[in-house]
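One file, target33.txt, carrying compact mmCIF, C-alpha atoms and all ligand atoms:
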# COMPACT_ATOMS: atom_id res chain seq x y z
CA MET A 1 120.25 86.18 -79.63
CA ASP A 2 119.94 82.73 -78.22
CA THR A 3 121.84 83.02 -74.96
CA LEU A 4 121.08 83.95 -71.42
CA PHE A 5 120.25 87.48 -72.49
CA SER A 6 117.52 86.53 -74.90
CA MET A 7 115.91 84.33 -72.30
CA LYS A 8 116.14 86.66 -69.38
CA LEU A 9 116.56 90.12 -70.71
CA GLN A 10 114.68 91.73 -73.52
CA THR A 11 117.12 93.38 -75.87
CA GLU A 12 114.34 94.88 -77.98
CA THR A 13 113.03 96.68 -74.92
CA ILE A 14 116.55 97.83 -74.11
CA ILE A 15 117.03 99.22 -77.62
CA GLU A 16 113.71 101.05 -77.45
CA LYS A 17 114.64 102.63 -74.11
CA LEU A 18 118.06 103.68 -75.40
CA ARG A 19 116.48 105.22 -78.51
CA LYS A 20 113.98 107.11 -76.37
CA ILE A 21 116.81 108.65 -74.35
CA GLY A 22 118.59 109.56 -77.60
CA ALA A 23 121.63 107.54 -76.51
CA ARG A 24 124.59 107.34 -78.86
CA LYS A 25 127.30 106.00 -76.57
CA VAL A 26 126.33 103.60 -73.78
CA MET A 27 128.27 102.17 -70.86
CA ILE A 28 127.08 98.70 -69.81
CA GLN A 29 127.44 97.22 -66.33
CA VAL A 30 127.00 93.46 -66.29
CA PRO A 31 126.84 91.36 -63.11
CA ASP A 32 128.93 88.17 -63.09
CA GLY A 33 125.93 85.87 -63.51
CA LEU A 34 124.98 87.53 -66.81
CA LYS A 35 128.51 87.89 -68.22
CA PRO A 36 128.20 84.73 -70.38
CA GLY A 37 125.82 86.70 -72.63
CA VAL A 38 128.04 89.76 -72.99
CA PHE A 39 129.35 89.00 -76.52
CA ASP A 40 125.83 88.65 -77.88
CA LEU A 41 124.71 91.81 -76.14
CA PHE A 42 127.69 93.76 -77.48
CA ASN A 43 127.20 92.45 -81.03
CA THR A 44 123.52 93.37 -81.04
CA LEU A 45 123.70 96.79 -79.41
CA SER A 46 126.84 97.96 -81.19
CA LYS A 47 124.96 97.85 -84.52
CA GLU A 48 123.20 101.01 -83.37
CA PHE A 49 125.12 102.46 -80.38
CA GLY A 50 128.69 103.03 -79.31
CA ILE A 51 129.22 100.51 -76.52
CA VAL A 52 131.62 100.58 -73.57
CA ILE A 53 131.51 97.51 -71.33
CA SER A 54 132.64 97.81 -67.73
CA SER A 55 133.93 94.57 -66.27
CA ASP A 56 134.43 96.08 -62.81
CA PRO A 57 132.44 94.44 -60.06
CA PHE A 58 129.51 96.57 -58.96
CA PHE A 59 127.22 96.27 -56.02
CA GLY A 60 123.80 97.12 -57.36
CA ALA A 61 121.84 100.18 -58.36
CA CYS A 62 123.78 102.10 -55.67
CA ASP A 63 126.90 101.83 -57.84
CA VAL A 64 127.15 103.08 -61.42
CA GLY A 65 130.89 102.55 -61.58
CA ASP A 66 133.85 104.66 -62.45
CA SER A 67 133.26 108.29 -63.47
CA VAL A 68 136.17 108.00 -65.95
CA LEU A 69 133.94 105.62 -67.91
CA TYR A 70 130.49 107.10 -67.42
CA ASN A 71 131.61 110.70 -68.01
CA ASP A 72 132.46 109.66 -71.55
CA VAL A 73 129.01 108.22 -72.46
CA ASP A 74 125.51 109.66 -72.60
CA CYS A 75 123.73 106.74 -70.95
CA ILE A 76 124.39 103.84 -68.57
CA LEU A 77 122.76 100.44 -69.01
CA GLN A 78 122.79 98.39 -65.83
CA LEU A 79 121.70 94.78 -65.95
CA GLY A 80 120.25 92.79 -63.10
CA HIS A 81 119.04 95.39 -60.60
CA SER A 82 116.08 97.65 -60.02
CA GLU A 83 116.43 101.40 -59.89
CA ILE A 84 116.87 103.16 -56.56
CA PRO A 85 114.38 105.96 -57.24
CA ASN A 86 115.76 108.63 -54.92
CA ILE A 87 119.34 108.55 -56.24
CA LYS A 88 120.34 111.46 -58.49
CA TYR A 89 122.26 109.52 -61.11
CA PRO A 90 124.93 111.45 -63.05
CA LYS A 91 123.61 110.19 -66.43
CA PRO A 92 120.35 108.62 -67.58
CA VAL A 93 120.40 104.97 -66.47
CA VAL A 94 118.41 102.16 -68.06
CA PHE A 95 117.90 99.41 -65.50
CA VAL A 96 117.05 95.95 -66.75
CA GLU A 97 115.79 93.97 -63.79
CA TYR A 98 116.60 90.31 -63.58
CA LYS A 99 113.60 88.30 -62.53
CA GLU A 100 113.88 84.61 -61.92
CA GLU A 101 111.42 83.00 -64.31
CA LYS A 102 111.80 79.42 -63.17
CA ILE A 103 109.54 79.21 -60.15
CA PRO A 104 109.54 75.90 -58.32
CA GLU A 105 106.34 74.19 -57.23
CA ILE A 106 105.16 75.95 -54.07
CA ASN A 107 102.40 74.43 -51.94
CA GLU A 108 100.69 74.66 -48.56
CA SER A 109 102.99 72.14 -46.88
CA HIS A 110 105.85 74.66 -47.12
CA PHE A 111 104.07 77.02 -44.73
CA GLN A 112 102.38 74.56 -42.36
CA ASP A 113 104.85 75.54 -39.62
CA LEU A 114 103.42 79.08 -39.57
CA MET A 115 99.91 77.64 -39.21
CA ASP A 116 101.08 75.41 -36.33
CA ARG A 117 102.58 78.42 -34.55
CA GLY A 118 99.25 80.25 -34.66
CA VAL A 119 100.46 82.96 -37.04
CA GLN A 120 97.59 84.90 -38.62
CA LYS A 121 98.99 88.05 -40.20
CA ILE A 122 102.09 87.82 -42.36
CA GLY A 123 104.12 90.66 -43.85
CA LEU A 124 105.38 89.45 -47.22
CA LEU A 125 108.82 90.66 -48.38
CA PHE A 126 110.92 89.74 -51.40
CA SER A 127 114.21 90.54 -53.07
CA ILE A 128 113.71 91.84 -56.58
CA GLN A 129 114.60 88.67 -58.52
CA TYR A 130 111.81 86.80 -56.79
CA VAL A 131 108.88 89.16 -57.22
CA GLU A 132 107.01 86.58 -59.30
CA ALA A 133 107.68 83.76 -56.81
CA ALA A 134 106.43 86.11 -54.06
CA ASP A 135 103.13 86.45 -55.94
CA ARG A 136 102.86 82.66 -56.02
CA VAL A 137 103.65 82.43 -52.29
CA LYS A 138 101.03 85.08 -51.55
CA ALA A 139 98.36 83.10 -53.40
CA VAL A 140 99.19 79.94 -51.41
CA LEU A 141 99.16 81.79 -48.07
CA VAL A 142 95.85 83.48 -48.81
CA LYS A 143 94.34 80.11 -49.75
CA MET A 144 95.51 78.78 -46.38
CA GLY A 145 93.59 81.57 -44.64
CA PHE A 146 96.48 83.88 -43.63
CA ASP A 147 96.14 87.65 -43.86
CA VAL A 148 98.99 88.72 -46.13
CA LEU A 149 100.14 92.32 -45.97
CA ILE A 150 102.54 94.02 -48.37
CA GLY A 151 104.35 97.04 -46.93
CA LYS A 152 104.78 100.43 -48.55
CA ASN A 153 108.19 101.30 -49.99
CA ASP A 154 110.09 104.50 -49.23
CA GLY A 155 112.05 106.48 -51.85
CA ARG A 156 114.96 104.02 -51.92
CA LEU A 157 112.85 101.06 -53.05
CA LYS A 158 110.98 100.75 -56.30
CA TYR A 159 108.23 98.31 -55.29
CA PRO A 160 105.93 97.64 -52.32
CA GLY A 161 107.19 94.54 -50.51
CA GLN A 162 110.71 94.79 -51.98
CA VAL A 163 113.79 94.82 -49.75
CA LEU A 164 117.43 95.76 -50.26
CA GLY A 165 120.25 94.70 -47.96
CA CYS A 166 120.28 98.30 -46.69
CA ASN A 167 116.57 99.14 -46.63
CA TYR A 168 113.59 97.41 -45.03
CA SER A 169 111.10 100.29 -45.14
CA THR A 170 108.47 97.92 -46.55
CA GLY A 171 108.72 95.92 -43.31
CA HIS A 172 108.74 98.95 -40.99
CA SER A 173 105.58 100.30 -42.61
CA ILE A 174 103.54 97.27 -41.46
CA LEU A 175 105.51 96.22 -38.39
CA LYS A 176 102.63 96.89 -35.99
CA ASP A 177 100.09 95.09 -38.15
CA VAL A 178 101.74 91.68 -38.60
CA ASP A 179 102.64 88.69 -36.44
CA CYS A 180 105.78 87.95 -38.43
CA PHE A 181 107.44 88.46 -41.80
CA LEU A 182 108.02 85.99 -44.58
CA LEU A 183 110.83 86.84 -46.98
CA VAL A 184 110.95 85.17 -50.41
CA SER A 185 114.59 85.02 -51.47
CA THR A 186 117.65 82.79 -51.67
CA GLY A 187 120.58 82.73 -49.25
CA MET A 188 120.98 84.72 -46.07
CA PHE A 189 121.92 88.21 -47.26
CA HIS A 190 118.50 89.90 -47.37
CA GLY A 191 117.05 87.72 -44.62
CA LEU A 192 119.75 88.55 -42.09
CA GLY A 193 119.32 92.27 -42.76
CA ALA A 194 115.54 91.96 -42.42
CA GLN A 195 115.83 90.18 -39.09
CA LEU A 196 118.36 92.73 -37.78
CA ALA A 197 116.14 95.62 -38.87
CA LEU A 198 112.67 94.39 -37.91
CA GLN A 199 111.51 93.66 -34.38
CA LYS A 200 109.34 90.69 -35.31
CA ASP A 201 110.34 87.19 -36.38
CA VAL A 202 111.44 86.94 -40.01
CA TYR A 203 111.03 83.61 -41.82
CA LEU A 204 113.12 83.05 -44.92
CA PHE A 205 111.40 81.01 -47.61
CA ASP A 206 114.52 79.95 -49.48
CA LEU A 207 113.73 79.14 -53.10
CA ASN A 208 116.97 77.17 -53.45
CA ASP A 209 115.71 74.32 -51.31
CA LEU A 210 112.12 75.38 -50.51
CA THR A 211 112.83 75.51 -46.78
CA LEU A 212 111.23 77.84 -44.27
CA ARG A 213 113.67 79.10 -41.65
CA ASN A 214 113.21 81.36 -38.65
CA LEU A 215 116.11 83.81 -38.77
CA ALA A 216 115.90 85.09 -35.18
CA PRO A 217 118.59 82.70 -33.82
CA GLU A 218 121.03 83.62 -36.60
CA ALA A 219 120.40 87.35 -36.07
CA ASP A 220 120.95 86.92 -32.29
CA ARG A 221 124.31 85.31 -32.99
CA VAL A 222 125.30 88.22 -35.28
CA ILE A 223 124.08 90.82 -32.76
CA ARG A 224 126.18 89.23 -30.00
CA LYS A 225 129.25 89.53 -32.25
CA ARG A 226 128.41 93.11 -33.14
CA TYR A 227 128.16 94.07 -29.45
CA ALA A 228 131.58 92.49 -28.87
CA TRP A 229 133.05 94.75 -31.60
CA ILE A 230 131.16 97.78 -30.23
CA GLU A 231 132.67 97.09 -26.82
CA ARG A 232 136.16 96.83 -28.32
CA ALA A 233 135.61 100.17 -30.06
CA MET A 234 134.85 101.86 -26.75
CA ASN A 235 138.59 102.05 -26.01
CA SER A 236 139.44 103.58 -29.40
CA ARG A 237 140.84 107.06 -29.87
CA LYS A 238 141.89 107.38 -33.52
CA ILE A 239 138.82 106.92 -35.68
CA CYS A 240 138.59 106.75 -39.50
CA ILE A 241 135.10 107.83 -40.57
CA VAL A 242 134.72 106.53 -44.10
CA ILE A 243 132.56 108.10 -46.81
CA ASP A 244 132.02 105.72 -49.69
CA THR A 245 131.99 107.71 -52.93
CA LYS A 246 129.62 105.35 -54.78
CA ILE A 247 126.65 107.40 -55.91
CA GLY A 248 124.11 105.45 -53.87
CA GLN A 249 126.21 104.99 -50.75
CA LYS A 250 127.60 108.48 -50.20
CA ARG A 251 126.43 109.87 -46.87
CA GLU A 252 128.75 112.79 -46.29
CA ARG A 253 126.37 114.67 -44.01
CA LEU A 254 126.04 111.65 -41.76
CA ALA A 255 129.83 111.26 -41.68
CA LYS A 256 130.29 114.91 -40.70
CA ALA A 257 127.69 114.61 -37.93
CA LEU A 258 129.55 111.53 -36.62
CA GLU A 259 132.84 113.43 -36.80
CA GLU A 260 131.37 116.13 -34.59
CA GLN A 261 130.00 113.58 -32.12
CA ALA A 262 133.40 111.88 -32.02
CA ARG A 263 135.15 115.18 -31.21
CA LYS A 264 132.66 115.89 -28.44
CA ALA A 265 133.55 112.49 -27.03
CA ASP A 266 137.26 113.56 -26.99
CA LEU A 267 138.23 111.22 -29.80
CA GLU A 268 140.49 111.93 -32.77
CA PRO A 269 138.38 111.38 -35.91
CA ILE A 270 139.40 111.90 -39.53
CA LEU A 271 137.18 111.71 -42.63
CA ILE A 272 138.29 109.31 -45.35
CA TYR A 273 136.85 109.12 -48.88
CA SER A 274 137.01 105.72 -50.52
CA ASN A 275 135.45 103.81 -53.38
CA ASN A 276 136.88 100.50 -52.33
CA ALA A 277 137.34 99.91 -48.63
CA SER A 278 140.39 97.80 -47.89
CA PRO A 279 141.65 96.57 -44.50
CA THR A 280 145.28 97.49 -45.21
CA ASP A 281 144.37 101.16 -45.82
CA TYR A 282 143.12 101.52 -42.27
CA GLU A 283 145.83 99.35 -40.77
CA ASN A 284 148.43 101.58 -42.44
CA MET A 285 146.71 104.64 -40.97
CA ARG A 286 147.12 103.09 -37.52
CA CYS A 287 143.53 103.83 -36.61
CA ASP A 288 141.85 102.11 -33.67
CA ALA A 289 138.41 101.83 -35.24
CA VAL A 290 136.63 102.51 -38.53
CA VAL A 291 133.13 103.93 -38.88
CA PHE A 292 131.77 103.05 -42.28
CA THR A 293 128.97 105.21 -43.66
CA GLY A 294 128.72 103.48 -47.08
CA CYS A 295 126.95 100.15 -47.49
CA PRO A 296 125.85 99.09 -44.00
CA ARG A 297 126.55 95.48 -44.90
CA VAL A 298 130.32 96.05 -45.05
CA PRO A 299 130.72 96.23 -41.23
CA ILE A 300 128.23 93.43 -40.62
CA ASP A 301 129.29 90.97 -43.32
CA ASP A 302 132.99 91.81 -43.80
CA GLN A 303 134.17 92.53 -40.25
CA GLU A 304 136.28 89.36 -40.14
CA ARG A 305 138.56 90.80 -42.86
CA TYR A 306 139.54 93.67 -40.57
CA SER A 307 141.78 93.64 -37.50
CA MET A 308 140.06 96.65 -35.90
CA PRO A 309 136.35 97.24 -35.16
CA VAL A 310 134.46 98.45 -38.25
CA LEU A 311 131.19 99.96 -37.08
CA THR A 312 128.02 101.29 -38.67
CA ALA A 313 126.79 104.75 -37.64
CA PRO A 314 124.30 103.50 -35.00
CA GLU A 315 126.91 101.08 -33.64
CA PHE A 316 129.43 103.92 -33.28
CA ARG A 317 126.86 106.11 -31.53
CA ALA A 318 126.24 103.24 -29.12
CA ALA A 319 130.01 102.85 -28.54
CA ILE A 320 130.46 106.51 -27.60
CA LYS A 321 127.14 106.50 -25.73
CA ALA A 322 125.82 109.35 -27.88
CA VAL A 323 122.54 107.43 -28.12
CA ARG A 324 121.14 104.85 -25.75
CA ASN A 325 118.99 102.11 -27.18
CA ASN A 326 117.82 99.02 -25.43
CA ARG A 327 118.05 97.07 -28.66
CA TYR A 328 120.44 96.67 -31.57
CA VAL A 329 119.77 99.22 -34.35
CA MET A 330 120.53 98.17 -37.92
CA ASP A 331 121.92 100.94 -40.11
CA GLU A 332 119.56 101.45 -43.06
CA ILE A 333 120.00 103.89 -45.92
CA VAL A 334 116.98 106.07 -46.51
CA SER A 335 118.67 108.54 -48.84
CA THR A 336 122.14 109.66 -49.87
CA ASP A 337 123.69 113.12 -50.26
FE1 LIG A 401 123.08 96.61 -51.71
FE2 LIG A 401 124.75 97.79 -49.98
FE3 LIG A 401 124.11 99.00 -52.25
FE4 LIG A 401 122.32 98.73 -50.32
S1 LIG A 401 124.19 99.95 -50.22
S2 LIG A 401 121.96 98.42 -52.51
S3 LIG A 401 122.87 96.72 -49.52
S4 LIG A 401 125.26 97.09 -52.05
As structure tokens, how would this structure be written, given the file I've shared?
Amino acid sequence: MDTLFSMKLQTETIIEKLRKIGARKVMIQVPDGLKPGVFDLFNTLSKEFGIVISSDPFFGACDVGDSVLYNDVDCILQLGHSEIPNIKYPKPVVFVEYKEEKIPEINESHFQDLMDRGVQKIGLLFSIQYVEAADRVKAVLVKMGFDVLIGKNDGRLKYPGQVLGCNYSTGHSILKDVDCFLLVSTGMFHGLGAQLALQKDVYLFDLNDLTLRNLAPEADRVIRKRYAWIERAMNSRKICIVIDTKIGQKRERLAKALEEQARKADLEPILIYSNNASPTDYENMRCDAVVFTGCPRVPIDDQERYSMPVLTAPEFRAAIKAVRNNRYVMDEIVSTD
């Protein structure tokens, strides 16, 4: 194959893994960025295996798609993400991680600002595509004389130092030992979550433009908005508590505990199961507020799509004063049901 797949993803390794599992019929999940190689992948793999390609959008290793499709195969092949080790997947899953191979030139001048601020100990974080760039960054920082620490991962992350938009355990594990964090990634998604979750400054080293950016001001802006929605939710009575049915987002026990807390607070909660949260569903139900126990990034990143407050579990507990915190608490997923 001479497309994207042959450059980025090793089909021989995939075939070996599928053979080892004894797969005969395989469902493939392909993220949009890798879809240009899907014909080549199909043509190669279908010589040996029955292939079903899912074109549905999926959100990561927390989402292995529609059970109508995966119930009919003996293996799932997911491209682009790393396994979430503590999920009990319904079928064997072969994960083929996408790692960005083109690493730009990284040098000491990119991190001079940290030196000027007197930073000594840095917690290094990365999103999975940039693990190799993070190695390069580490080497430069060490050469500059910084102490670079890599935090331990919990059961939801595969690698030390890795982050997901819903899990920053690698940061928490070294929070007390570092002056700040440096996240190697692109765009704001992982960085914003890291800054909301970790009580130290997070600097995003953005590989798109090789800029270093302190994310505390952006996180403060988001937190102010979140408190405005929490305050609005304080007057709510009818509450939809949503359980996302995706395998790696389903937190039914949490939802039931929230339901009980809501009843104790004299509210009228109902539990809703959904695989695809949509604003009109909740508007049609005439609810005053939604508590979303699936991906914690839905309330934070998608709130503007909804007319009513959509809160995470800790935000809801703050709204009903079930828990008092003197700081904003980011909802992170440690494990699912
Ligand atoms: Fe990403 Fe959300 Fe899934 Fe976590 S729950 S892996 S942030 S899509």
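Shortest atom-to-atom contact with ligand LIG 401 (chain A) among A:Ala257, A:Leu45, A:Leu164, A:Met27: A:Leu164, counting only C-alpha atoms and all ligand atoms.
A straight line drawn from CA of Leu183 in chain A to CA of Leu125 in chain A is 4.5 Å long.
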**Message:** I'd like the contact shell of Gly145 in chain A - 12 Å cut-off, all atoms listed in the file, skipping same-chain residues fewer than 6 positions apart - returned as a VMD selection string.
**Reply:** chain A and resid 108 111 to 112 114 to 115 118 to 122 138 to 139
**Near-range 219-228 of chain A list (12 Å; all atoms listed in the file; drop same-chain fewer than 4 positions) as a VMD selection string** = chain A and resid 188 to 203 214 to 215 232 to 234 299 to 304 308 to 312 314 to 316 318 to 319 327 to 330
Grab the residues selected above and save them as a CSV table (one decimal), in the coordinates of the input with C-alpha atoms.
chain,number,residue,atom,x,y,z
A,188,MET,CA,121.0,84.7,-46.1
A,189,PHE,CA,121.9,88.2,-47.3
A,190,HIS,CA,118.5,89.9,-47.4
A,191,GLY,CA,117.0,87.7,-44.6
A,192,LEU,CA,119.8,88.6,-42.1
A,193,GLY,CA,119.3,92.3,-42.8
A,194,ALA,CA,115.5,92.0,-42.4
A,195,GLN,CA,115.8,90.2,-39.1
A,196,LEU,CA,118.4,92.7,-37.8
A,197,ALA,CA,116.1,95.6,-38.9
A,198,LEU,CA,112.7,94.4,-37.9
A,199,GLN,CA,111.5,93.7,-34.4
A,200,LYS,CA,109.3,90.7,-35.3
A,201,ASP,CA,110.3,87.2,-36.4
A,202,VAL,CA,111.4,86.9,-40.0
A,203,TYR,CA,111.0,83.6,-41.8
A,214,ASN,CA,113.2,81.4,-38.6
A,215,LEU,CA,116.1,83.8,-38.8
A,232,ARG,CA,136.2,96.8,-28.3
A,233,ALA,CA,135.6,100.2,-30.1
A,234,MET,CA,134.8,101.9,-26.8
A,299,PRO,CA,130.7,96.2,-41.2
A,300,ILE,CA,128.2,93.4,-40.6
A,301,ASP,CA,129.3,91.0,-43.3
A,302,ASP,CA,133.0,91.8,-43.8
A,303,GLN,CA,134.2,92.5,-40.2
A,304,GLU,CA,136.3,89.4,-40.1
A,308,MET,CA,140.1,96.6,-35.9
A,309,PRO,CA,136.4,97.2,-35.2
A,310,VAL,CA,134.5,98.4,-38.2
A,311,LEU,CA,131.2,100.0,-37.1
A,312,THR,CA,128.0,101.3,-38.7
A,314,PRO,CA,124.3,103.5,-35.0
A,315,GLU,CA,126.9,101.1,-33.6
A,316,PHE,CA,129.4,103.9,-33.3
A,318,ALA,CA,126.2,103.2,-29.1
A,319,ALA,CA,130.0,102.8,-28.5
A,327,ARG,CA,118.0,97.1,-28.7
A,328,TYR,CA,120.4,96.7,-31.6
A,329,VAL,CA,119.8,99.2,-34.4
A,330,MET,CA,120.5,98.2,-37.9
Sorted per-residue table, range 86-198 of chain A near range 247-256 of chain A, closest atoms and distance, 10 Å, only C-alpha atoms, as a tab-separated table:
residue	atom	partner	partner_atom	distance
A:Asn86	CA	A:Gly248	CA	9.0
A:Ile87	CA	A:Gly248	CA	6.2
A:Lys88	CA	A:Ile247	CA	7.9
A:Tyr89	CA	A:Ile247	CA	7.1
A:Pro90	CA	A:Ile247	CA	8.4
A:Arg156	CA	A:Gly248	CA	9.5
A:Cys166	CA	A:Gln249	CA	9.8
**Request:** List all protein, DNA and RNA residues that have any atom at most 8 Å from ligand LIG 401 (chain A), counting only C-alpha atoms and all ligand atoms, and write the list as a PyMOL selection string.
**Result:** chain A and resi 59-63+164-167+248-249+294-298+333
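Take the candidates A:Leu182, A:Ile270, A:Val52, A:Leu157 and check each one against Arg213 in chain A using all atoms listed in the file; the shortest distance goes to A:Leu182.
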Axis-aligned box over every listed atom of range 315-334 of chain A, padded by 3 Å per side: centre and edges in Å to one decimal, as JSON?
{"center_x": 123.7, "center_y": 103.0, "center_z": -36.0, "size_x": 19.5, "size_y": 18.7, "size_z": 27.1}
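Between CA of Cys75 in chain A and CA of Lys25 in chain A the interatomic distance comes to 6.7 Å.
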**Request:** Rank nothing, just name the residue among A:Phe181, A:Tyr70, A:Trp229, A:Tyr159 nearest to Glu83 in chain A, using only C-alpha atoms.
**Result:** A:Tyr159
**Request:** Do a neighbour search on range 46-51 of chain A at 6 Å with all atoms listed in the file, toss out local chain neighbours closer than 2 positions, and write the hits as a ChimeraX atom specification.
**Result:** /A:24-27,42-44
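The nearest approach to Gly123 in chain A among the residues A:Ala313, A:Leu141, A:Ile53, A:Val64, with only C-alpha atoms taken into account, belongs to A:Leu141.
Proximity of A:Asn276, A:Lys99, A:Asp331, A:Val184 to Asp56 in chain A, computed with all atoms listed in the file, is greatest for A:Asn276.
Distances from A:Glu218, A:Asp40, A:Asp244, A:Asp135 to Leu271 in chain A were compared using all atoms listed in the file, and the smallest one belongs to A:Asp244.
We find CA of Gly151 in chain A and CA of Val131 in chain A to be spaced 13.7 Å apart.
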Please write a file for range 182-244 of chain A, taken from the block I just shared, that holds C-alpha atoms and is laid out as a CSV table (one decimal), in the first residue's frame.
chain,number,residue,atom,x,y,z
A,182,LEU,CA,4.3,21.4,30.0
A,183,LEU,CA,1.9,19.7,27.6
A,184,VAL,CA,3.1,18.6,24.2
A,185,SER,CA,0.1,18.6,21.9
A,186,THR,CA,-1.7,20.6,19.3
A,187,GLY,CA,-4.8,22.8,19.8
A,188,MET,CA,-6.6,23.5,23.1
A,189,PHE,CA,-8.5,20.4,23.8
A,190,HIS,CA,-6.1,18.5,26.1
A,191,GLY,CA,-4.5,21.7,27.4
A,192,LEU,CA,-7.7,23.2,28.6
A,193,GLY,CA,-8.6,20.0,30.4
A,194,ALA,CA,-5.2,19.8,32.0
A,195,GLN,CA,-5.4,23.3,33.2
A,196,LEU,CA,-8.9,22.8,34.6
A,197,ALA,CA,-7.8,19.6,36.4
A,198,LEU,CA,-4.4,20.5,37.7
A,199,GLN,CA,-3.7,23.2,40.3
A,200,LYS,CA,-0.5,24.4,38.8
A,201,ASP,CA,0.2,26.4,35.7
A,202,VAL,CA,0.0,24.3,32.5
A,203,TYR,CA,2.0,25.5,29.5
A,204,LEU,CA,0.9,24.2,26.1
A,205,PHE,CA,3.8,23.6,23.7
A,206,ASP,CA,1.8,23.6,20.5
A,207,LEU,CA,3.5,21.7,17.7
A,208,ASN,CA,1.4,23.4,15.1
A,209,ASP,CA,3.2,26.7,15.5
A,210,LEU,CA,5.9,25.9,18.1
A,211,THR,CA,4.5,28.4,20.6
A,212,LEU,CA,4.5,28.1,24.3
A,213,ARG,CA,1.3,29.3,26.0
A,214,ASN,CA,0.3,29.6,29.6
A,215,LEU,CA,-3.2,28.2,29.7
A,216,ALA,CA,-4.2,29.7,33.1
A,217,PRO,CA,-6.0,32.8,31.7
A,218,GLU,CA,-8.0,30.6,29.2
A,219,ALA,CA,-9.0,28.2,32.0
A,220,ASP,CA,-10.0,31.1,34.3
A,221,ARG,CA,-12.3,32.4,31.5
A,222,VAL,CA,-13.9,28.9,31.1
A,223,ILE,CA,-14.3,28.5,34.9
A,224,ARG,CA,-16.1,31.8,35.1
A,225,LYS,CA,-18.5,30.6,32.5
A,226,ARG,CA,-19.0,27.3,34.2
A,227,TYR,CA,-19.9,29.0,37.5
A,228,ALA,CA,-22.4,31.1,35.7
A,229,TRP,CA,-24.1,27.9,34.4
A,230,ILE,CA,-23.9,26.3,37.9
A,231,GLU,CA,-25.6,29.3,39.3
A,232,ARG,CA,-28.4,29.1,36.7
A,233,ALA,CA,-28.8,25.4,37.6
A,234,MET,CA,-29.4,26.3,41.2
A,235,ASN,CA,-33.0,27.3,40.4
A,236,SER,CA,-33.7,24.0,38.5
A,237,ARG,CA,-36.2,21.4,39.5
A,238,LYS,CA,-36.6,19.0,36.7
A,239,ILE,CA,-33.2,17.3,36.1
A,240,CYS,CA,-32.2,14.9,33.3
A,241,ILE,CA,-29.3,12.8,34.5
A,242,VAL,CA,-27.8,11.3,31.4
A,243,ILE,CA,-25.9,8.0,31.2
A,244,ASP,CA,-23.9,7.7,28.0
